[in-house]
Amino acid sequence: MKKFIKNNKGLVIGAIVFLLISLLFPYSGDDWQWALFKLNVNTIIDFYHNVFLNGRYLGNLMAIILCKNFIIRSLIMTLVVSSIAYIIHKETKCPYSLFWLFFMIMNLEILKQSVVWSSGFANYVFSTLLLLLNLLLLRKIYNKNKMNLFWEIFLGAIATISCLVIENMTIFLVLFIIILNIIYYIKNKKINIWLLLISIAYFLGTFIMFSHPVYLKIFENGDGYRQIGNTFSSLLRTTIINCDTIQKYTILGNFYIISSLVLFIYCFYKNNIKKYNQKSQKLINVGFIVEFSYIIYSLLFNFIPEWQDFDIFNKIFKIFNIAYALLYFLVLAGLIIAIFKKSKNYHNMLFVLSIIILLIAPLLIVTPIGPRNFFMIYILEMILLFYIYYESKVYIKFDLNKFAFIITIMLSIFYGVVYGQIYNCSNNRYNYLMEKVNAGEKEILLPKLPYPEYVWNGNYNNEYYGNCYKSIYNIDKSVEFKFLSYDDWKANKK
């Protein structure tokens, strides 16, 4: 243990900081619903019969666990995020400081819906860890002709339960295992029996998930919340709407990571420019013009609010954003192919790009999708960035590791202050509420949590969430909640 801590100080320090901040995260939104579920076998059986849920059996179970106790929740969150950090560090050789920096500067909408929101964490962050574990396990199986039967059964169990968290990962895993079997057969002219056996586990997991009756209901458009286009016109309309969401939370809204990708690639290229012929240099330079122009465009979009307002009301502008983001992605892939073809991590870069495409594809035809769906994509973009950084770091003239460490400390303090105030308000709200309930009041003024941009649905100000909250704390359903801003509530309280 001492050796592990010594070799992974950045991981341990980051984990402790994340643990302390996560203890300040409030429960919100669906968390109050999940807190009402009991942890037993009957609950899992009820998942199948509850048409308001889905086939995310493991994800739903994790949500219940996280919403029962905030200390257990924070410990699990820290373990999951630290495991993701450790795997990425081992695979890409990136400094932990860079991981924690880019983790903290992710798009705020993604952060609050997937990391801060306990229910979102259960599905979207947990599934990301499972995805990375599955990729590592499949690589191990692919490269081995012989395996212990017990080990294969264990891996099969991991494969099956990994298909029970989020739908697009389940589709990806079953497609990926099919492709992997085909590639192995073409390359080696024989079947990998262990790879074939674990394929059964993925098919089993996929069947368990999509046999839930809600998916038939969704396909028939009988679900009031989730829909899938079942005609050409509805598919086209859904695809266009979803493309706008996809480009916003994978590319346009992720200014820091898309700009860093291009800058690291450019750094490598400028220091190896003599390796490319004149024709290649001209094409590459045109590619960089496209990429840097898009970075400027992303800068305007993310840091000038009026620009985003224009995007909301102008359909032509949305189509332009989709086309421009697609151009950025295609040119980025082209630059990686042209510049890193002889590099150590070239195939890893292409592999990550392929995974991103396969994971996004199912999201084109299902509604609704939101920022939380793209946490996994963001982590994959980080992995791509770190592979490129590994190739480029020798040409970077300043200590990026130290810079990242300093910025991460500053961000940690900032998040600690923000979520500390949110935590304080949440506690004050609960204590005030219970005081008024015990006094027999039927209409109670409550404060909204401050910094709503950092919390997803932090106020139980609709009937459903309000009733869930009342059930948790045995509050009579006749009690009405009225919400004010935190400052107005404090003034009114005086």
# chains A, B, ... in the order shown; residues from 1 in each chain; ligands from 1

$ residues_around --residues "range 242-258 of chain A" --least-positions-apart "3" --cutoff "10 Å" --atoms "only C-alpha atoms" --output "ChimeraX atom specification"
/A:102,105-110,236-239,261-263,291-292,294-303,318-326,328-329,332,356,360,363-378,381-382,384-385

$ residues_around --residues "range 39-43 of chain A" --least-positions-apart "2" --cutoff "9 Å" --atoms "only C-alpha atoms" --output "short mmCIF file (atom, residue, chain, number, x, y, z; two decimals) with N, CA and C atoms, in the first residue's frame"
data_model
loop_
_atom_site.label_atom_id
_atom_site.label_comp_id
_atom_site.auth_asym_id
_atom_site.auth_seq_id
_atom_site.Cartn_x
_atom_site.Cartn_y
_atom_site.Cartn_z
N PHE A 37 -36.77 3.74 -2.69
CA PHE A 37 -36.69 2.31 -2.99
C PHE A 37 -35.94 1.57 -1.88
N ILE A 45 -36.77 -7.11 -8.98
CA ILE A 45 -37.86 -7.72 -9.76
C ILE A 45 -38.85 -6.64 -10.20
N ASP A 46 -39.12 -5.70 -9.29
CA ASP A 46 -40.04 -4.61 -9.61
C ASP A 46 -39.53 -3.73 -10.74
N PHE A 47 -38.19 -3.67 -10.91
CA PHE A 47 -37.63 -2.88 -12.01
C PHE A 47 -38.22 -3.33 -13.35
N LEU A 61 -29.88 0.11 -9.57
CA LEU A 61 -29.47 -0.40 -8.26
C LEU A 61 -28.40 0.51 -7.65
N ILE A 64 -29.95 3.67 -6.23
CA ILE A 64 -30.56 3.47 -4.91
C ILE A 64 -29.49 3.52 -3.82
N ILE A 65 -28.37 2.83 -4.07
CA ILE A 65 -27.28 2.78 -3.08
C ILE A 65 -26.74 4.18 -2.82
#

$ atom_distance --atom1 "CA of Thr170 in chain A" --atom2 "CA of Phe386 in chain A"
25.7 Å

$ residues_around --residues "Leu136 in chain A" --least-positions-apart "5" --cutoff "12 Å" --atoms "only C-alpha atoms" --output "PDB file with C-alpha atoms, in the first residue's frame"
ATOM      1  CA  ILE A  87      -6.708   3.410 -15.620  1.00  0.00           C
ATOM      2  CA  ILE A  88      -6.180   6.473 -17.824  1.00  0.00           C
ATOM      3  CA  LYS A  90      -1.619   3.674 -16.684  1.00  0.00           C
ATOM      4  CA  GLU A  91      -2.774   3.565 -20.318  1.00  0.00           C
ATOM      5  CA  LEU A 129     -15.536   2.942 -15.519  1.00  0.00           C
ATOM      6  CA  LEU A 130     -17.197  -0.275 -16.727  1.00  0.00           C
ATOM      7  CA  LEU A 131     -16.455   0.655 -20.356  1.00  0.00           C
ATOM      8  CA  ILE A 141      -8.709 -12.066 -23.929  1.00  0.00           C
ATOM      9  CA  TYR A 142      -7.874 -11.081 -27.510  1.00  0.00           C
ATOM     10  CA  ASN A 143      -4.136 -11.492 -26.889  1.00  0.00           C
ATOM     11  CA  LEU A 155     -15.047 -11.914 -16.944  1.00  0.00           C
ATOM     12  CA  ILE A 158     -18.492  -8.482 -15.657  1.00  0.00           C
ATOM     13  CA  ALA A 159     -19.453  -8.404 -19.348  1.00  0.00           C
TER      14      ALA A 159
END

$ residues_around --residues "Ile166 in chain A" --least-positions-apart "2" --cutoff "7 Å" --atoms "only C-alpha atoms" --output "count of residues only"
7

$ residues_around --residues "Asn54 in chain A" --least-positions-apart "2" --cutoff "10 Å" --atoms "only C-alpha atoms" --output "number ranges by chain"
A: 47-52, 56-57, 59-60, 164-167, 209-215

$ write_last_selection --atoms "C-alpha atoms" --output "PDB file, in the first residue's frame"
ATOM      1  CA  PHE A  47     -37.628  -2.881 -12.011  1.00  0.00           C
ATOM      2  CA  TYR A  48     -38.886  -5.189 -14.758  1.00  0.00           C
ATOM      3  CA  HIS A  49     -42.559  -4.465 -14.137  1.00  0.00           C
ATOM      4  CA  ASN A  50     -42.126  -0.712 -13.700  1.00  0.00           C
ATOM      5  CA  VAL A  51     -42.721   0.805 -17.158  1.00  0.00           C
ATOM      6  CA  PHE A  52     -41.537   4.180 -15.869  1.00  0.00           C
ATOM      7  CA  ARG A  56     -30.725  -0.303 -16.549  1.00  0.00           C
ATOM      8  CA  TYR A  57     -30.906  -2.814 -13.692  1.00  0.00           C
ATOM      9  CA  GLY A  59     -27.514   1.507 -12.966  1.00  0.00           C
ATOM     10  CA  ASN A  60     -30.820   1.732 -11.108  1.00  0.00           C
ATOM     11  CA  LEU A 164     -27.205  -3.208 -17.667  1.00  0.00           C
ATOM     12  CA  VAL A 165     -26.298   0.453 -17.125  1.00  0.00           C
ATOM     13  CA  ILE A 166     -26.876   2.660 -20.193  1.00  0.00           C
ATOM     14  CA  GLU A 167     -28.291   1.702 -23.571  1.00  0.00           C
ATOM     15  CA  MET A 209     -31.634  -5.049 -20.862  1.00  0.00           C
ATOM     16  CA  PHE A 210     -33.758  -4.731 -23.993  1.00  0.00           C
ATOM     17  CA  SER A 211     -36.292  -7.375 -22.960  1.00  0.00           C
ATOM     18  CA  HIS A 212     -37.636  -4.828 -20.493  1.00  0.00           C
ATOM     19  CA  PRO A 213     -41.170  -3.984 -21.710  1.00  0.00           C
ATOM     20  CA  VAL A 214     -40.507  -0.250 -21.709  1.00  0.00           C
ATOM     21  CA  TYR A 215     -38.381  -0.461 -24.886  1.00  0.00           C
TER      22      TYR A 215
END

$ closest_residue --among "A:Cys67, A:Leu433, A:Ile84, A:Leu58" --to "Ser118 in chain A" --atoms "only C-alpha atoms"
A:Cys67

$ residues_around --residues "range 439-444 of chain A" --least-positions-apart "2" --cutoff "6 Å" --atoms "only C-alpha atoms" --output "list in words"
Lys436, Val437, Val479, Glu480, Phe481 and Lys482 of chain A

$ closest_residue --among "A:Ser392, A:Gln421, A:Ser412, A:Thr206" --to "Leu20 in chain A" --atoms "only C-alpha atoms"
A:Ser412

$ select_by_dssp --residues "range 143-391 of chain A" --states "strand (DSSP E or B)" --output "PDB file with N, CA and C atoms, in the first residue's frame"
ATOM      1  N   GLN A 227     -38.719   8.618 -26.572  1.00  0.00           N
ATOM      2  CA  GLN A 227     -39.249   8.316 -27.900  1.00  0.00           C
ATOM      3  C   GLN A 227     -38.127   7.925 -28.842  1.00  0.00           C
ATOM      4  N   ILE A 228     -38.495   7.157 -29.872  1.00  0.00           N
ATOM      5  CA  ILE A 228     -37.572   6.825 -30.956  1.00  0.00           C
ATOM      6  C   ILE A 228     -38.348   6.958 -32.268  1.00  0.00           C
ATOM      7  N   VAL A 366     -32.747   8.685 -30.624  1.00  0.00           N
ATOM      8  CA  VAL A 366     -33.565   8.550 -29.410  1.00  0.00           C
ATOM      9  C   VAL A 366     -33.695   9.904 -28.723  1.00  0.00           C
ATOM     10  N   THR A 367     -34.884  10.208 -28.237  1.00  0.00           N
ATOM     11  CA  THR A 367     -35.077  11.420 -27.452  1.00  0.00           C
ATOM     12  C   THR A 367     -35.710  11.061 -26.101  1.00  0.00           C
TER      13      THR A 367
END

$ residues_around --residues "range 452-461 of chain A" --least-positions-apart "2" --cutoff "9 Å" --atoms "only C-alpha atoms" --output "ChimeraX atom specification"
/A:25-30,32,108-109,111-113,116-117,418-419,422,447-450,463-469,481-483

$ select_by_dssp --residues "range 100-284 of chain A" --states "helix (DSSP H, G or I)" --output "ChimeraX atom specification"
/A:100-104,108-116,118-142,149-162,167-188,193-210,213-219,232-252,255-271,273-275,278-284

$ write_last_selection --atoms "C-alpha atoms" --output "CSV table (one decimal), in the first residue's frame"
chain,number,residue,atom,x,y,z
A,100,TRP,CA,-7.7,16.3,-12.5
A,101,LEU,CA,-7.4,19.6,-14.3
A,102,PHE,CA,-9.5,18.5,-17.3
A,103,PHE,CA,-11.9,16.6,-15.1
A,104,MET,CA,-12.6,19.9,-13.2
A,108,LEU,CA,-20.6,22.6,-16.4
A,109,GLU,CA,-23.8,21.1,-17.8
A,110,ILE,CA,-22.1,17.7,-18.1
A,111,LEU,CA,-20.5,18.1,-14.6
A,112,LYS,CA,-23.7,18.9,-12.8
A,113,GLN,CA,-25.8,16.2,-14.5
A,114,SER,CA,-23.3,13.3,-14.3
A,115,VAL,CA,-20.9,14.0,-11.4
A,116,VAL,CA,-22.8,16.1,-8.9
A,118,SER,CA,-26.1,11.2,-7.7
A,119,SER,CA,-28.6,9.5,-10.0
A,120,GLY,CA,-26.7,10.7,-13.0
A,121,PHE,CA,-23.4,9.5,-11.5
A,122,ALA,CA,-24.9,6.0,-11.0
A,123,ASN,CA,-25.5,5.7,-14.7
A,124,TYR,CA,-23.1,7.8,-16.6
A,125,VAL,CA,-19.9,7.9,-14.5
A,126,PHE,CA,-20.2,4.3,-13.3
A,127,SER,CA,-20.8,3.1,-16.9
A,128,THR,CA,-17.6,4.9,-18.0
A,129,LEU,CA,-15.5,2.9,-15.5
A,130,LEU,CA,-17.2,-0.3,-16.7
A,131,LEU,CA,-16.5,0.7,-20.4
A,132,LEU,CA,-12.7,1.1,-19.6
A,133,LEU,CA,-12.6,-2.1,-17.7
A,134,ASN,CA,-14.3,-4.0,-20.5
A,135,LEU,CA,-11.9,-2.7,-23.1
A,136,LEU,CA,-8.9,-3.8,-20.9
A,137,LEU,CA,-10.5,-7.2,-20.3
A,138,LEU,CA,-11.2,-7.7,-24.0
A,139,ARG,CA,-7.7,-6.8,-24.9
A,140,LYS,CA,-6.4,-9.4,-22.4
A,141,ILE,CA,-8.7,-12.1,-23.9
A,142,TYR,CA,-7.9,-11.1,-27.5
A,149,LEU,CA,-12.2,-21.3,-16.9
A,150,PHE,CA,-12.9,-19.6,-13.5
A,151,TRP,CA,-11.3,-16.4,-14.9
A,152,GLU,CA,-13.5,-16.6,-18.0
A,153,ILE,CA,-16.7,-17.0,-15.9
A,154,PHE,CA,-15.7,-14.0,-13.8
A,155,LEU,CA,-15.0,-11.9,-16.9
A,156,GLY,CA,-18.3,-13.1,-18.4
A,157,ALA,CA,-20.2,-11.9,-15.3
A,158,ILE,CA,-18.5,-8.5,-15.7
A,159,ALA,CA,-19.5,-8.4,-19.3
A,160,THR,CA,-23.1,-9.2,-18.6
A,161,ILE,CA,-23.7,-6.7,-15.9
A,162,SER,CA,-21.8,-4.0,-17.9
A,167,GLU,CA,-28.3,1.7,-23.6
A,168,ASN,CA,-25.7,3.2,-26.0
A,169,MET,CA,-22.9,1.4,-24.2
A,170,THR,CA,-24.8,-1.9,-24.3
A,171,ILE,CA,-25.2,-1.5,-28.1
A,172,PHE,CA,-21.5,-0.5,-28.4
A,173,LEU,CA,-20.3,-3.5,-26.4
A,174,VAL,CA,-22.3,-6.1,-28.4
A,175,LEU,CA,-21.2,-4.5,-31.7
A,176,PHE,CA,-17.6,-4.3,-30.6
A,177,ILE,CA,-17.4,-7.9,-29.6
A,178,ILE,CA,-18.8,-8.9,-33.0
A,179,ILE,CA,-16.2,-6.8,-34.8
A,180,LEU,CA,-13.5,-8.1,-32.5
A,181,ASN,CA,-14.3,-11.7,-33.3
A,182,ILE,CA,-14.3,-10.9,-37.1
A,183,ILE,CA,-11.0,-9.1,-36.9
A,184,TYR,CA,-9.4,-11.9,-34.9
A,185,TYR,CA,-10.6,-14.5,-37.4
A,186,ILE,CA,-9.4,-12.5,-40.4
A,187,LYS,CA,-6.0,-11.9,-38.8
A,188,ASN,CA,-5.3,-15.3,-37.4
A,193,ILE,CA,-12.8,-19.7,-28.3
A,194,TRP,CA,-12.5,-17.5,-25.2
A,195,LEU,CA,-13.5,-14.4,-27.2
A,196,LEU,CA,-16.4,-16.3,-28.6
A,197,LEU,CA,-17.5,-17.5,-25.2
A,198,ILE,CA,-17.5,-14.0,-23.7
A,199,SER,CA,-19.6,-12.9,-26.6
A,200,ILE,CA,-22.4,-15.0,-25.2
A,201,ALA,CA,-22.2,-12.9,-22.0
A,202,TYR,CA,-22.6,-9.7,-23.9
A,203,PHE,CA,-25.5,-11.0,-25.9
A,204,LEU,CA,-27.1,-12.2,-22.6
A,205,GLY,CA,-26.7,-8.8,-21.0
A,206,THR,CA,-28.1,-7.1,-24.1
A,207,PHE,CA,-31.1,-9.4,-24.1
A,208,ILE,CA,-31.7,-8.8,-20.4
A,209,MET,CA,-31.6,-5.0,-20.9
A,210,PHE,CA,-33.8,-4.7,-24.0
A,213,PRO,CA,-41.2,-4.0,-21.7
A,214,VAL,CA,-40.5,-0.3,-21.7
A,215,TYR,CA,-38.4,-0.5,-24.9
A,216,LEU,CA,-41.3,-1.9,-26.9
A,217,LYS,CA,-43.4,0.9,-25.5
A,218,ILE,CA,-40.8,3.5,-26.5
A,219,PHE,CA,-40.5,2.1,-30.1
A,232,PHE,CA,-38.4,8.3,-42.0
A,233,SER,CA,-39.6,11.9,-41.3
A,234,SER,CA,-39.6,11.4,-37.5
A,235,LEU,CA,-36.1,9.8,-37.6
A,236,LEU,CA,-34.8,12.7,-39.7
A,237,ARG,CA,-36.3,15.3,-37.4
A,238,THR,CA,-35.0,13.5,-34.3
A,239,THR,CA,-31.5,13.1,-35.9
A,240,ILE,CA,-31.2,16.8,-36.7
A,241,ILE,CA,-32.3,17.9,-33.2
A,242,ASN,CA,-30.0,15.4,-31.6
A,243,CYS,CA,-27.1,16.4,-33.8
A,244,ASP,CA,-27.3,19.9,-32.4
A,245,THR,CA,-27.2,18.5,-28.8
A,246,ILE,CA,-24.3,16.1,-29.7
A,247,GLN,CA,-22.1,18.8,-31.3
A,248,LYS,CA,-22.8,21.2,-28.4
A,249,TYR,CA,-21.6,18.7,-25.7
A,250,THR,CA,-18.9,16.8,-27.5
A,251,ILE,CA,-17.2,19.6,-29.4
A,252,LEU,CA,-18.5,23.2,-29.4
A,255,PHE,CA,-13.6,24.7,-25.5
A,256,TYR,CA,-10.7,23.7,-23.3
A,257,ILE,CA,-10.3,20.2,-24.6
A,258,ILE,CA,-10.8,20.9,-28.3
A,259,SER,CA,-8.3,23.7,-28.2
A,260,SER,CA,-5.8,21.6,-26.3
A,261,LEU,CA,-6.1,18.8,-28.8
A,262,VAL,CA,-5.3,21.1,-31.7
A,263,LEU,CA,-2.5,22.9,-29.8
A,264,PHE,CA,-0.7,19.7,-28.9
A,265,ILE,CA,-1.0,18.4,-32.4
A,266,TYR,CA,0.3,21.7,-33.8
A,267,CYS,CA,3.2,21.6,-31.3
A,268,PHE,CA,4.2,18.1,-32.5
A,269,TYR,CA,3.8,19.1,-36.2
A,270,LYS,CA,5.9,22.2,-36.0
A,271,ASN,CA,8.8,20.3,-34.4
A,273,ILE,CA,7.7,19.6,-40.1
A,274,LYS,CA,10.7,18.4,-42.1
A,275,LYS,CA,9.4,14.9,-42.0
A,278,GLN,CA,5.6,20.0,-49.4
A,279,LYS,CA,2.2,18.8,-50.6
A,280,SER,CA,1.4,17.3,-47.2
A,281,GLN,CA,2.5,20.5,-45.5
A,282,LYS,CA,0.0,22.5,-47.5
A,283,LEU,CA,-2.9,20.2,-46.7
A,284,ILE,CA,-1.9,20.1,-43.0

$ atom_distance --atom1 "CA of Pro95 in chain A" --atom2 "CA of Lys342 in chain A"
23.6 Å

$ closest_residue --among "A:Phe288, A:Tyr276, A:Phe4, A:Phe403" --to "Lys341 in chain A" --atoms "only C-alpha atoms"
A:Tyr276

$ atom_distance --atom1 "CA of Val81 in chain A" --atom2 "CA of Tyr423 in chain A"
21.2 Å
